[in-house]
file entry09.cif (mmCIF, C-alpha atoms (C1' of nucleotides))
data_final
loop_
_atom_site.label_atom_id
_atom_site.label_comp_id
_atom_site.auth_asym_id
_atom_site.auth_seq_id
_atom_site.Cartn_x
_atom_site.Cartn_y
_atom_site.Cartn_z
CA MET A 1 47.04 5.83 -125.98
CA SER A 2 48.78 3.16 -123.90
CA LEU A 3 49.57 5.63 -121.12
CA ARG A 4 45.89 5.62 -120.28
CA TYR A 5 45.89 1.84 -119.88
CA ALA A 6 49.12 1.81 -117.91
CA LEU A 7 47.42 4.20 -115.49
CA LEU A 8 44.27 2.10 -115.34
CA ALA A 9 46.38 -0.98 -114.64
CA LEU A 10 47.96 0.66 -111.61
CA LEU A 11 44.72 2.21 -110.41
CA SER A 12 42.98 -1.14 -110.64
CA VAL A 13 44.90 -2.15 -107.50
CA GLU A 14 44.19 0.85 -105.29
CA PRO A 15 43.46 4.59 -105.41
CA MET A 16 46.47 6.78 -106.06
CA THR A 17 47.42 10.38 -106.61
CA GLY A 18 49.13 11.68 -109.73
CA TYR A 19 52.33 11.84 -107.77
CA ASP A 20 52.03 8.22 -106.62
CA LEU A 21 51.61 7.18 -110.24
CA TYR A 22 54.54 9.32 -111.31
CA LYS A 23 56.69 7.62 -108.65
CA GLU A 24 55.64 4.19 -109.92
CA PHE A 25 56.65 5.17 -113.43
CA GLU A 26 59.98 6.43 -112.13
CA SER A 27 60.75 3.13 -110.40
CA SER A 28 59.32 -0.36 -110.80
CA VAL A 29 56.74 0.03 -113.56
CA GLY A 30 59.02 2.52 -115.26
CA HIS A 31 60.94 -0.36 -116.73
CA VAL A 32 57.96 -1.33 -118.83
CA TRP A 33 56.38 2.06 -119.19
CA HIS A 34 57.60 5.56 -118.49
CA ALA A 35 55.87 8.92 -118.43
CA PRO A 36 56.78 12.33 -117.03
CA ASP A 37 54.43 13.99 -114.53
CA SER A 38 53.61 16.64 -117.11
CA GLN A 39 51.94 13.91 -119.13
CA ILE A 40 50.33 12.10 -116.19
CA TYR A 41 48.39 14.95 -114.56
CA PRO A 42 46.56 16.12 -117.70
CA GLU A 43 45.82 12.53 -118.68
CA LEU A 44 44.26 11.85 -115.29
CA ARG A 45 42.02 14.92 -115.74
CA ARG A 46 41.00 13.72 -119.19
CA MET A 47 40.28 10.26 -117.80
CA GLU A 48 38.13 11.74 -115.07
CA LYS A 49 36.26 13.78 -117.68
CA ASP A 50 35.76 10.57 -119.66
CA GLY A 51 34.33 8.88 -116.57
CA LEU A 52 37.09 6.29 -116.17
CA LEU A 53 38.28 7.74 -112.88
CA GLU A 54 36.93 9.73 -110.02
CA GLY A 55 39.14 12.18 -108.16
CA GLU A 56 38.78 13.22 -104.57
CA GLU A 57 40.54 15.94 -102.55
CA VAL A 58 42.43 14.43 -99.64
CA ALA A 59 44.03 16.38 -96.79
CA TRP A 60 47.79 16.31 -96.70
CA GLY A 61 49.32 17.75 -93.52
CA GLN A 62 47.80 21.00 -92.18
CA ARG A 63 47.19 23.13 -95.23
CA GLY A 64 48.21 20.77 -97.99
CA LYS A 65 45.93 18.66 -100.12
CA LYS A 66 46.23 16.13 -102.86
CA ARG A 67 43.92 14.58 -105.39
CA GLN A 68 43.41 10.87 -105.12
CA TYR A 69 41.93 9.01 -108.06
CA HIS A 70 40.05 5.76 -107.96
CA ILE A 71 38.96 3.71 -110.92
CA THR A 72 35.25 3.66 -111.79
CA ARG A 73 33.24 0.75 -113.13
CA ALA A 74 33.55 2.31 -116.59
CA GLY A 75 37.31 2.50 -116.07
CA THR A 76 37.50 -1.17 -115.17
CA GLU A 77 35.45 -1.99 -118.23
CA ALA A 78 37.66 0.12 -120.48
CA PHE A 79 40.73 -1.63 -119.16
CA ARG A 80 39.18 -5.05 -119.59
CA ASP A 81 38.15 -4.15 -123.14
CA TRP A 82 41.67 -3.07 -123.92
CA MET A 83 43.00 -6.31 -122.47
CA ASN A 84 40.59 -8.28 -124.63
CA SER A 85 41.50 -6.43 -127.80
CA THR A 86 44.55 -7.29 -129.84
CA LEU A 87 47.38 -4.81 -129.89
CA GLU A 88 48.38 -3.06 -133.09
CA TYR A 89 52.06 -3.36 -133.74
CA SER A 90 53.59 -0.17 -135.04
CA ARG A 91 56.46 0.26 -137.44
CA GLU A 92 60.02 -0.20 -136.40
CA ARG A 93 62.11 2.71 -135.28
CA ASP A 94 65.32 1.42 -133.83
CA PRO A 95 68.20 3.89 -133.65
CA ALA A 96 70.64 1.35 -132.21
CA HIS A 97 70.26 -1.03 -135.12
CA LEU A 98 70.13 1.83 -137.61
CA LYS A 99 73.53 2.91 -136.35
CA ALA A 100 74.86 -0.63 -136.28
CA ALA A 101 74.09 -1.00 -139.99
CA TYR A 102 76.45 1.87 -140.80
CA LEU A 103 79.15 1.21 -138.23
CA GLU A 104 81.86 1.33 -140.89
CA TRP A 105 81.48 5.11 -140.73
CA ALA A 106 82.54 5.23 -137.09
CA LYS A 107 86.06 5.14 -135.73
CA PRO A 108 86.78 1.70 -134.28
CA GLU A 109 86.88 3.08 -130.77
CA ALA A 110 83.54 4.87 -131.23
CA ALA A 111 82.05 1.68 -132.65
CA ARG A 112 83.26 -0.25 -129.61
CA GLU A 113 81.88 2.40 -127.28
CA GLN A 114 78.51 2.14 -128.98
CA MET A 115 78.47 -1.60 -128.38
CA ARG A 116 79.53 -1.10 -124.76
CA ALA A 117 76.75 1.44 -124.28
CA HIS A 118 74.31 -1.10 -125.66
CA ILE A 119 75.60 -3.67 -123.19
CA ARG A 120 75.47 -1.22 -120.28
CA HIS A 121 71.92 -0.21 -121.11
CA HIS A 122 70.61 -3.73 -121.35
CA ALA A 123 72.65 -4.99 -118.40
CA ALA A 124 71.02 -2.33 -116.24
CA GLN A 125 67.58 -3.39 -117.45
CA LEU A 126 68.47 -7.02 -116.90
CA GLU A 127 69.33 -6.36 -113.30
CA GLN A 128 66.04 -4.55 -112.72
CA TRP A 129 64.07 -7.37 -114.23
CA ARG A 130 65.89 -10.07 -112.34
CA ASP A 131 65.05 -8.14 -109.18
CA LYS A 132 61.42 -8.06 -110.22
CA VAL A 133 61.33 -11.81 -110.76
CA ARG A 134 62.97 -12.32 -107.37
CA GLU A 135 60.38 -10.02 -105.76
CA ILE A 136 57.60 -12.00 -107.36
CA GLU A 137 59.06 -15.33 -106.29
CA GLU A 138 59.72 -14.18 -102.75
CA GLY A 139 56.52 -12.16 -102.45
CA THR A 140 58.39 -9.03 -101.40
CA SER A 141 56.68 -6.61 -103.77
CA PRO A 142 54.21 -4.47 -101.77
CA MET A 143 52.26 -3.50 -104.87
CA LEU A 144 51.86 -7.10 -105.97
CA ALA A 145 51.00 -8.16 -102.41
CA ARG A 146 48.18 -5.60 -102.32
CA ARG A 147 46.94 -6.70 -105.70
CA LEU A 148 46.96 -10.35 -104.66
CA ALA A 149 45.19 -9.56 -101.40
CA SER A 150 42.32 -8.04 -103.37
CA LEU A 151 41.88 -11.16 -105.49
CA PRO A 152 40.15 -14.47 -104.85
CA THR A 153 42.69 -17.23 -104.17
CA SER A 154 41.92 -18.87 -107.50
CA ASP A 155 43.16 -15.82 -109.44
CA ARG A 156 46.41 -15.28 -107.57
CA GLU A 157 48.25 -17.98 -109.44
CA LYS A 158 47.43 -16.39 -112.79
CA THR A 159 48.44 -12.92 -111.68
CA THR A 160 51.86 -14.00 -110.46
CA ALA A 161 52.38 -16.35 -113.39
CA PHE A 162 51.75 -13.64 -116.00
CA LYS A 163 53.95 -11.15 -114.21
CA LYS A 164 56.79 -13.63 -114.03
CA PHE A 165 56.27 -14.57 -117.65
CA THR A 166 56.45 -10.91 -118.68
CA TYR A 167 59.67 -10.21 -116.83
CA GLN A 168 61.26 -13.41 -118.04
CA GLY A 169 60.57 -12.29 -121.59
CA LEU A 170 62.24 -8.99 -120.89
CA ILE A 171 65.18 -10.83 -119.34
CA SER A 172 65.61 -12.99 -122.44
CA ARG A 173 65.47 -9.94 -124.63
CA ALA A 174 68.10 -8.10 -122.60
CA GLU A 175 70.34 -11.17 -122.63
CA GLN A 176 69.97 -11.42 -126.38
CA GLU A 177 70.83 -7.75 -126.88
CA ILE A 178 73.91 -8.13 -124.71
CA ALA A 179 75.05 -11.22 -126.61
CA TRP A 180 74.56 -9.36 -129.89
CA ALA A 181 76.62 -6.38 -128.78
CA GLN A 182 79.35 -8.72 -127.59
CA GLN A 183 79.43 -10.29 -131.03
CA GLY A 184 79.68 -6.74 -132.31
CA LEU A 185 82.75 -6.12 -130.18
CA ALA A 186 84.34 -9.31 -131.49
CA LEU A 187 83.52 -8.30 -135.05
CA ILE A 188 85.09 -4.88 -134.62
CA ASP A 189 88.28 -6.50 -133.26
CA GLU A 190 88.30 -8.78 -136.26
CA LEU A 191 87.78 -5.99 -138.82
CA TYR A 192 90.30 -3.62 -137.25
CA PRO A 193 93.16 -5.90 -136.26
CA GLY A 194 95.50 -2.98 -135.54
CA GLY A 195 93.33 -1.61 -132.75
CA MET B 1 66.23 13.35 -134.54
CA SER B 2 67.19 9.94 -135.94
CA LEU B 3 65.08 10.48 -139.05
CA ARG B 4 67.63 13.03 -140.16
CA TYR B 5 70.43 10.49 -139.85
CA ALA B 6 68.45 7.72 -141.50
CA LEU B 7 68.03 10.09 -144.47
CA LEU B 8 71.71 11.01 -144.47
CA ALA B 9 72.62 7.30 -144.41
CA LEU B 10 70.60 6.67 -147.56
CA LEU B 11 71.74 9.84 -149.29
CA SER B 12 75.36 8.97 -148.58
CA VAL B 13 75.06 6.32 -151.29
CA GLU B 14 73.51 8.40 -154.06
CA PRO B 15 71.26 11.39 -154.72
CA MET B 16 67.57 10.73 -154.27
CA THR B 17 64.22 12.48 -154.32
CA GLY B 18 61.86 12.63 -151.37
CA TYR B 19 59.74 10.04 -153.05
CA ASP B 20 62.72 7.69 -153.54
CA LEU B 21 63.45 7.99 -149.84
CA TYR B 22 59.82 7.43 -148.96
CA LYS B 23 59.86 4.24 -151.06
CA GLU B 24 62.97 3.02 -149.26
CA PHE B 25 61.27 3.57 -145.93
CA GLU B 26 58.23 1.69 -147.14
CA SER B 27 60.28 -1.33 -148.16
CA SER B 28 63.77 -2.48 -147.22
CA VAL B 29 65.01 0.18 -144.82
CA GLY B 30 61.49 0.42 -143.44
CA HIS B 31 62.20 -2.59 -141.29
CA VAL B 32 64.74 -0.64 -139.29
CA TRP B 33 63.28 2.80 -139.74
CA HIS B 34 59.95 4.05 -140.97
CA ALA B 35 58.64 7.50 -141.80
CA PRO B 36 55.63 8.79 -143.73
CA ASP B 37 56.19 11.13 -146.68
CA SER B 38 54.59 13.95 -144.72
CA GLN B 39 57.53 13.76 -142.37
CA ILE B 40 60.21 13.23 -145.02
CA TYR B 41 59.55 16.21 -147.31
CA PRO B 42 59.66 18.89 -144.60
CA GLU B 43 62.71 17.28 -143.00
CA LEU B 44 64.55 17.36 -146.34
CA ARG B 45 63.76 21.07 -146.64
CA ARG B 46 65.05 21.70 -143.13
CA MET B 47 68.20 19.72 -143.89
CA GLU B 48 68.77 21.77 -147.01
CA LYS B 49 68.33 24.96 -145.00
CA ASP B 50 70.87 23.58 -142.51
CA GLY B 51 73.33 22.97 -145.31
CA LEU B 52 73.39 19.18 -145.00
CA LEU B 53 71.82 18.63 -148.39
CA GLU B 54 71.49 20.40 -151.69
CA GLY B 55 68.37 20.03 -153.78
CA GLU B 56 68.13 20.33 -157.53
CA GLU B 57 65.14 20.43 -159.84
CA VAL B 58 65.22 17.53 -162.28
CA ALA B 59 62.94 17.11 -165.29
CA TRP B 60 60.46 14.30 -165.10
CA GLY B 61 58.64 13.55 -168.37
CA GLN B 62 57.34 16.56 -170.37
CA ARG B 63 55.97 18.95 -167.80
CA GLY B 64 56.76 17.13 -164.58
CA LYS B 65 59.68 17.81 -162.30
CA LYS B 66 61.12 16.44 -159.12
CA ARG B 67 63.61 17.59 -156.56
CA GLN B 68 66.71 15.48 -156.18
CA TYR B 69 68.83 15.89 -153.06
CA HIS B 70 72.48 15.13 -152.72
CA ILE B 71 74.47 15.15 -149.52
CA THR B 72 76.96 17.99 -148.96
CA ARG B 73 80.34 17.82 -147.28
CA ALA B 74 78.68 19.26 -144.15
CA GLY B 75 76.05 16.53 -144.39
CA THR B 76 78.69 13.82 -144.58
CA GLU B 77 80.44 15.35 -141.60
CA ALA B 78 77.20 15.52 -139.61
CA PHE B 79 76.53 11.88 -140.33
CA ARG B 80 80.05 10.87 -139.39
CA ASP B 81 79.78 12.88 -136.17
CA TRP B 82 76.56 11.13 -135.31
CA MET B 83 78.16 7.77 -136.02
CA ASN B 84 81.06 8.67 -133.75
CA SER B 85 78.83 9.81 -130.91
CA THR B 86 77.23 7.38 -128.50
CA LEU B 87 73.51 6.92 -128.69
CA GLU B 88 71.28 7.94 -125.80
CA TYR B 89 68.96 5.15 -124.80
CA SER B 90 65.47 6.35 -124.02
CA ARG B 91 63.04 4.99 -121.50
CA GLU B 92 61.06 1.89 -122.14
CA ARG B 93 57.61 2.04 -123.63
CA ASP B 94 56.49 -1.42 -124.51
CA PRO B 95 52.75 -1.96 -124.91
CA ALA B 96 53.09 -5.69 -125.64
CA HIS B 97 54.86 -6.41 -122.37
CA LEU B 98 52.65 -3.98 -120.49
CA LYS B 99 49.67 -6.01 -121.64
CA ALA B 100 51.37 -9.31 -120.93
CA ALA B 101 51.86 -8.29 -117.30
CA TYR B 102 48.09 -8.00 -116.85
CA LEU B 103 46.96 -10.89 -119.01
CA GLU B 104 44.83 -12.31 -116.20
CA TRP B 105 42.33 -9.59 -117.10
CA ALA B 106 41.83 -10.96 -120.59
CA LYS B 107 39.65 -13.86 -121.61
CA PRO B 108 41.79 -16.91 -122.33
CA GLU B 109 41.00 -16.73 -126.03
CA ALA B 110 41.91 -13.03 -126.18
CA ALA B 111 45.13 -13.76 -124.32
CA ARG B 112 45.98 -16.47 -126.83
CA GLU B 113 45.16 -14.17 -129.73
CA GLN B 114 47.48 -11.54 -128.29
CA MET B 115 50.31 -14.06 -128.20
CA ARG B 116 49.52 -15.19 -131.72
CA ALA B 117 49.58 -11.58 -132.92
CA HIS B 118 52.98 -11.19 -131.29
CA ILE B 119 54.18 -14.28 -133.12
CA ARG B 120 52.72 -13.13 -136.43
CA HIS B 121 54.30 -9.71 -136.11
CA HIS B 122 57.75 -11.01 -135.32
CA ALA B 123 57.54 -13.88 -137.79
CA ALA B 124 56.88 -11.36 -140.56
CA GLN B 125 59.87 -9.30 -139.45
CA LEU B 126 61.99 -12.44 -139.23
CA GLU B 127 61.22 -13.30 -142.81
CA GLN B 128 62.16 -9.82 -144.00
CA TRP B 129 65.43 -9.91 -142.15
CA ARG B 130 66.33 -13.37 -143.34
CA ASP B 131 65.75 -12.09 -146.87
CA LYS B 132 68.07 -9.18 -146.17
CA VAL B 133 70.83 -11.47 -144.94
CA ARG B 134 70.36 -13.63 -148.02
CA GLU B 135 70.56 -10.53 -150.25
CA ILE B 136 73.76 -9.47 -148.54
CA GLU B 137 75.31 -12.92 -148.85
CA GLU B 138 74.33 -13.32 -152.49
CA GLY B 139 75.01 -9.71 -153.42
CA THR B 140 71.54 -9.24 -154.88
CA SER B 141 70.72 -5.96 -153.15
CA PRO B 142 70.98 -3.12 -155.71
CA MET B 143 71.32 -0.46 -153.02
CA LEU B 144 74.15 -2.31 -151.31
CA ALA B 145 75.81 -3.04 -154.65
CA ARG B 146 75.85 0.68 -155.46
CA ARG B 147 77.20 1.50 -152.03
CA LEU B 148 79.94 -1.08 -152.37
CA ALA B 149 80.84 0.11 -155.87
CA SER B 150 81.50 3.58 -154.45
CA LEU B 151 83.90 2.25 -151.83
CA PRO B 152 87.55 1.24 -151.98
CA THR B 153 87.94 -2.55 -151.93
CA SER B 154 89.36 -2.44 -148.42
CA ASP B 155 86.14 -0.98 -146.99
CA ARG B 156 83.71 -3.35 -148.66
CA GLU B 157 84.30 -6.13 -146.17
CA LYS B 158 83.40 -3.86 -143.25
CA THR B 159 80.26 -2.53 -144.90
CA THR B 160 78.84 -5.98 -145.61
CA ALA B 161 79.98 -7.36 -142.26
CA PHE B 162 78.19 -4.64 -140.26
CA LYS B 163 75.02 -4.95 -142.30
CA LYS B 164 74.95 -8.71 -141.79
CA PHE B 165 75.70 -8.26 -138.11
CA THR B 166 72.80 -5.82 -137.77
CA TYR B 167 70.27 -8.07 -139.43
CA GLN B 168 71.44 -11.10 -137.52
CA GLY B 169 70.79 -9.20 -134.31
CA LEU B 170 67.30 -8.40 -135.48
CA ILE B 171 66.78 -12.04 -136.41
CA SER B 172 67.82 -13.18 -132.93
CA ARG B 173 65.49 -10.68 -131.38
CA ALA B 174 62.54 -11.79 -133.48
CA GLU B 175 63.27 -15.43 -132.70
CA GLN B 176 63.41 -14.61 -129.01
CA GLU B 177 60.09 -12.77 -129.14
CA ILE B 178 58.46 -15.67 -130.94
CA ALA B 179 59.82 -18.16 -128.40
CA TRP B 180 58.52 -15.97 -125.58
CA ALA B 181 55.03 -15.75 -127.06
CA GLN B 182 55.01 -19.52 -127.55
CA GLN B 183 55.81 -19.95 -123.88
CA GLY B 184 52.93 -17.57 -123.27
CA LEU B 185 50.57 -19.82 -125.22
CA ALA B 186 51.75 -22.83 -123.22
CA LEU B 187 51.26 -20.91 -119.98
CA ILE B 188 47.72 -19.91 -120.92
CA ASP B 189 46.88 -23.53 -121.67
CA GLU B 190 48.28 -24.51 -118.30
CA LEU B 191 46.39 -21.83 -116.37
CA TYR B 192 43.10 -22.41 -118.14
CA PRO B 193 42.91 -26.19 -118.45
CA GLY B 194 39.28 -26.12 -119.51
CA GLY B 195 40.06 -24.14 -122.68
"C1'" DC C 1 64.79 27.03 -86.42
"C1'" DT C 2 66.19 26.59 -90.72
"C1'" DC C 3 67.50 24.28 -94.69
"C1'" DA C 4 67.23 20.64 -97.81
"C1'" DA C 5 64.82 17.08 -99.76
"C1'" DC C 6 60.61 15.51 -100.93
"C1'" DT C 7 55.57 15.67 -102.08
"C1'" DA C 8 52.20 17.61 -105.09
"C1'" DT C 9 50.45 19.82 -109.18
"C1'" DC C 10 50.49 22.70 -113.13
"C1'" DT C 11 51.83 25.26 -117.52
"C1'" DA C 12 54.43 26.16 -121.70
"C1'" DT C 13 56.92 24.91 -125.63
"C1'" DC C 14 58.79 21.96 -129.08
"C1'" DT C 15 59.64 17.86 -131.68
"C1'" DC C 16 58.05 13.79 -133.46
"C1'" DC C 17 54.90 11.08 -135.60
"C1'" DA C 18 50.34 9.37 -137.35
"C1'" DT C 19 46.53 10.19 -140.24
"C1'" DA C 20 44.19 12.22 -143.74
"C1'" DG C 21 43.59 14.45 -147.68
"C1'" DA C 22 44.76 17.80 -151.66
"C1'" DT C 23 47.00 18.44 -156.08
"C1'" DA C 24 49.16 17.32 -160.35
"C1'" DG C 25 51.82 14.99 -163.74
"C1'" DT C 26 53.33 10.18 -165.85
"C1'" DG C 27 52.97 5.81 -167.98
"C1'" DT C 28 50.53 1.71 -169.15
"C1'" DT C 29 46.76 -0.91 -170.53
"C1'" DC C 30 42.40 -2.05 -172.63
"C1'" DG D 1 41.66 8.13 -175.32
"C1'" DA D 2 39.86 6.91 -170.88
"C1'" DA D 3 40.83 4.69 -166.83
"C1'" DC D 4 43.97 3.45 -163.51
"C1'" DA D 5 48.04 2.85 -160.92
"C1'" DC D 6 51.96 5.16 -159.83
"C1'" DT D 7 55.19 9.11 -159.12
"C1'" DA D 8 55.81 13.40 -156.78
"C1'" DT D 9 55.01 16.87 -153.32
"C1'" DC D 10 52.51 19.44 -150.00
"C1'" DT D 11 49.36 21.01 -146.04
"C1'" DA D 12 46.61 20.48 -141.89
"C1'" DT D 13 45.52 18.56 -137.59
"C1'" DG D 14 46.13 16.25 -133.38
"C1'" DG D 15 48.26 13.14 -130.08
"C1'" DA D 16 52.35 11.81 -127.71
"C1'" DG D 17 56.31 12.79 -125.46
"C1'" DA D 18 60.56 15.41 -123.89
"C1'" DT D 19 62.17 19.26 -121.40
"C1'" DA D 20 61.97 22.98 -118.54
"C1'" DG D 21 60.35 25.61 -115.16
"C1'" DA D 22 56.84 27.65 -111.77
"C1'" DT D 23 54.49 27.22 -107.38
"C1'" DA D 24 53.50 25.66 -102.79
"C1'" DG D 25 53.19 22.75 -98.88
"C1'" DT D 26 55.55 18.88 -95.85
"C1'" DT D 27 58.91 16.45 -93.34
"C1'" DG D 28 63.13 15.34 -91.26
"C1'" DA D 29 67.99 16.33 -90.08
"C1'" DG D 30 71.20 19.04 -87.83
#
call {"tool": "encode", "arguments": {"input": "entry09.cif", "output": "structure tokens"}}
result
Amino acid sequence: MSLRYALLALLSVEPMTGYDLYKEFESSVGHVWHAPDSQIYPELRRMEKDGLLEGEEVAWGQRGKKRQYHITRAGTEAFRDWMNSTLEYSRERDPAHLKAAYLEWAKPEAAREQMRAHIRHHAAQLEQWRDKVREIEEGTSPMLARRLASLPTSDREKTTAFKKFTYQGLISRAEQEIAWAQQGLALIDELYPGG
Amino acid sequence: MSLRYALLALLSVEPMTGYDLYKEFESSVGHVWHAPDSQIYPELRRMEKDGLLEGEEVAWGQRGKKRQYHITRAGTEAFRDWMNSTLEYSRERDPAHLKAAYLEWAKPEAAREQMRAHIRHHAAQLEQWRDKVREIEEGTSPMLARRLASLPTSDREKTTAFKKFTYQGLISRAEQEIAWAQQGLALIDELYPGG
DNA sequence: CTCAACTATCTATCTCCATAGATAGTGTTC
DNA sequence: GAACACTATCTATGGAGATAGATAGTTGAG
């Protein structure tokens, strides 16, 4: 159900087409939330049916057209309600740690490769998030600039502060995961002294 | 697909019924992997069909019976193959951080409550994982004891070391999440001085 | 002009998972 | 011996998400 709110969050800044939203999920926002277009388009139609959005045909070139959605008052309310409700935390399902718990089954080199993959994955995320923080600090994010422009001055501080806070949390998490996997590599070396 | 390997991991220690496995997922193992019984029973049947397990009717009381599964050679191989392959990391989907990024939409008290819920959730996990580490150190986990008993002495060190390593990673993560949410609470206080 | 890359949207299928509820036997307790 | 909690297994339904592929128009590069 969070996809719906991720979409509302983006549409609260400005009207967008399904493709615009898909692009956002592929790039910047995609590092907090991801969705394929095949999930986005039907969800937008459902949201329109539910009165959260309104779609409008827009000309695109000579013969082309696209459907641009803007958030309705009901959509804004639904998003605000979601923001004011407390999130349910769901059960754990963590393949990386599941595997780590049984690493004695793997060949040492496979175990090391698993740890390196963990590091690579989180290092890539880390880089993305550090970029995001830099963008926020330097004001070079067009999306954030547009959002800020639509807000009264008094609210801009909060908006940037919460964004920075979010990405800093993700940075800490990535750093922690990398440190853990590095300990893993050290442990493997220790347990398999021969190689 | 990880459910299958979580089941193989447990069944590599000793034969179990679907209900035994369900109980494991509800308690200890459930903090790394969770699955409802309605997912476990069909998966066990599929695994038997695929030759990874063999099921056997076992008497239970006078008229009752249950189906106990034991892992086959092919099942052991499949698990070992999985352990020797490198995990694919899937895209992010993180409702807590999605919400955090838009916390300016929430009332201050709702924002605080969200952070407190985050702390509660991870504090509960933290406690579980600290218990697990304690169990490993003191050798009071029956499941681990049985696993160790089935292993040559030379392998026991690795098994306990990787388990401890796994849980310590989860502990660090939980601590990090709690620290982050506490920073969130401080930030909210700072941004909303009135209360 | 043409080709490739991109924009734009849609459908189909499959797995995974959550939720709910049905059924039936066991073991303990009052 | 009735009630209750627990063991044991199963089915149904629906949402979420991954993957793949179809269709069609646009734009820019060579």
call {"tool": "atom_distance", "arguments": {"input": "entry09.cif", "atom1": "CA of Lys164 (chain A)", "atom2": "CA of Ile136 (chain A)"}}
result
6.9 Å
call {"tool": "residues_around", "arguments": {"input": "entry09.cif", "residues": "His97 (chain A)", "least_positions_apart": "3", "cutoff": "8 Å", "atoms": "all atoms listed in the file", "output": "list in words"}}
result
Asp94, Ala100 and Ala101 of chain A; Val32, Thr166 and Leu170 of chain B
call {"tool": "atom_distance", "arguments": {"input": "entry09.cif", "atom1": "CA of Glu113 (chain B)", "atom2": "CA of Glu190 (chain B)"}}
result
15.7 Å
call {"tool": "residues_around", "arguments": {"input": "entry09.cif", "residues": "region 53-59 of chain B", "least_positions_apart": "6", "cutoff": "12 Å", "atoms": "only C-alpha atoms (C1' of nucleotides)", "output": "PyMOL selection string"}}
result
(chain B and resi 4-5+7-8+11-12+14-18+41+43-47+65-79) or (chain C and resi 25-26) or (chain D and resi 8)
call {"tool": "closest_atom_pairs", "arguments": {"input": "entry09.cif", "of": "chain D", "to": "chain B", "cutoff": "9 Å", "atoms": "all atoms listed in the file", "output": "Markdown table"}}
result
| residue | atom | partner | partner_atom | distance |
| --- | --- | --- | --- | --- |
| D:DT7 | C1' | B:Tyr19 | CA | 7.6 |
| D:DA8 | C1' | B:Tyr19 | CA | 6.4 |
| D:DT9 | C1' | B:Tyr41 | CA | 7.6 |
| D:DC10 | C1' | B:Ser38 | CA | 7.9 |
| D:DT11 | C1' | B:Ser38 | CA | 8.9 |
call {"tool": "closest_residue", "arguments": {"input": "entry09.cif", "among": "B:Leu21, B:Ala35, B:Leu52, B:Ala110", "to": "chain C", "atoms": "all atoms listed in the file"}}
result
B:Ala35
call {"tool": "atom_distance", "arguments": {"input": "entry09.cif", "atom1": "CA of Pro108 (chain B)", "atom2": "CA of Leu126 (chain A)"}}
result
29.0 Å
call {"tool": "closest_residue", "arguments": {"input": "entry09.cif", "among": "A:Lys23, A:Arg116, A:Arg130, A:Lys49", "to": "chain B", "atoms": "all atoms listed in the file"}}
result
A:Arg116
call {"tool": "resolve_selection", "arguments": {"input": "entry09.cif", "expression": "the PyMOL selection byres ((chain A) within 7 of (chain B))", "output": "ChimeraX atom specification"}}
result
/A:2,31-34,80,83-87,91-95,97-107,110,113-114,158-159,162-163,166,169,173,176,180,191
call {"tool": "interface_residues", "arguments": {"input": "entry09.cif", "of": "chain C", "to": "chain A", "cutoff": "12 Å", "atoms": "all atoms listed in the file", "output": "list of chain:residue names"}}
result
C:DC6, C:DT7, C:DA8, C:DT9, C:DC10, C:DT11, C:DA12, C:DC16, C:DC17, C:DA18
call {"tool": "residues_around", "arguments": {"input": "entry09.cif", "residues": "DC14 (chain C)", "least_positions_apart": "3", "cutoff": "12 Å", "atoms": "all atoms listed in the file", "output": "PDB file with C-alpha atoms (C1' of nucleotides), keeping the file's coordinate frame"}}
result
ATOM      1  C1'  DG D  17      56.310  12.790-125.460  1.00  0.00           C
ATOM      2  C1'  DA D  18      60.560  15.410-123.890  1.00  0.00           C
ATOM      3  C1'  DT D  19      62.170  19.260-121.400  1.00  0.00           C
ATOM      4  C1'  DA D  20      61.970  22.980-118.540  1.00  0.00           C
TER       5       DA D  20
END
call {"tool": "residues_around", "arguments": {"input": "entry09.cif", "residues": "DC3 (chain C)", "least_positions_apart": "5", "cutoff": "12 Å", "atoms": "only C-alpha atoms (C1' of nucleotides)", "output": "tab-separated table (two decimals) with C-alpha atoms (C1' of nucleotides), in the coordinates of the input"}}
result
chain	number	residue	atom	x	y	z
D	27	DT	C1'	58.91	16.45	-93.34
D	28	DG	C1'	63.13	15.34	-91.26
D	29	DA	C1'	67.99	16.33	-90.08
D	30	DG	C1'	71.20	19.04	-87.83
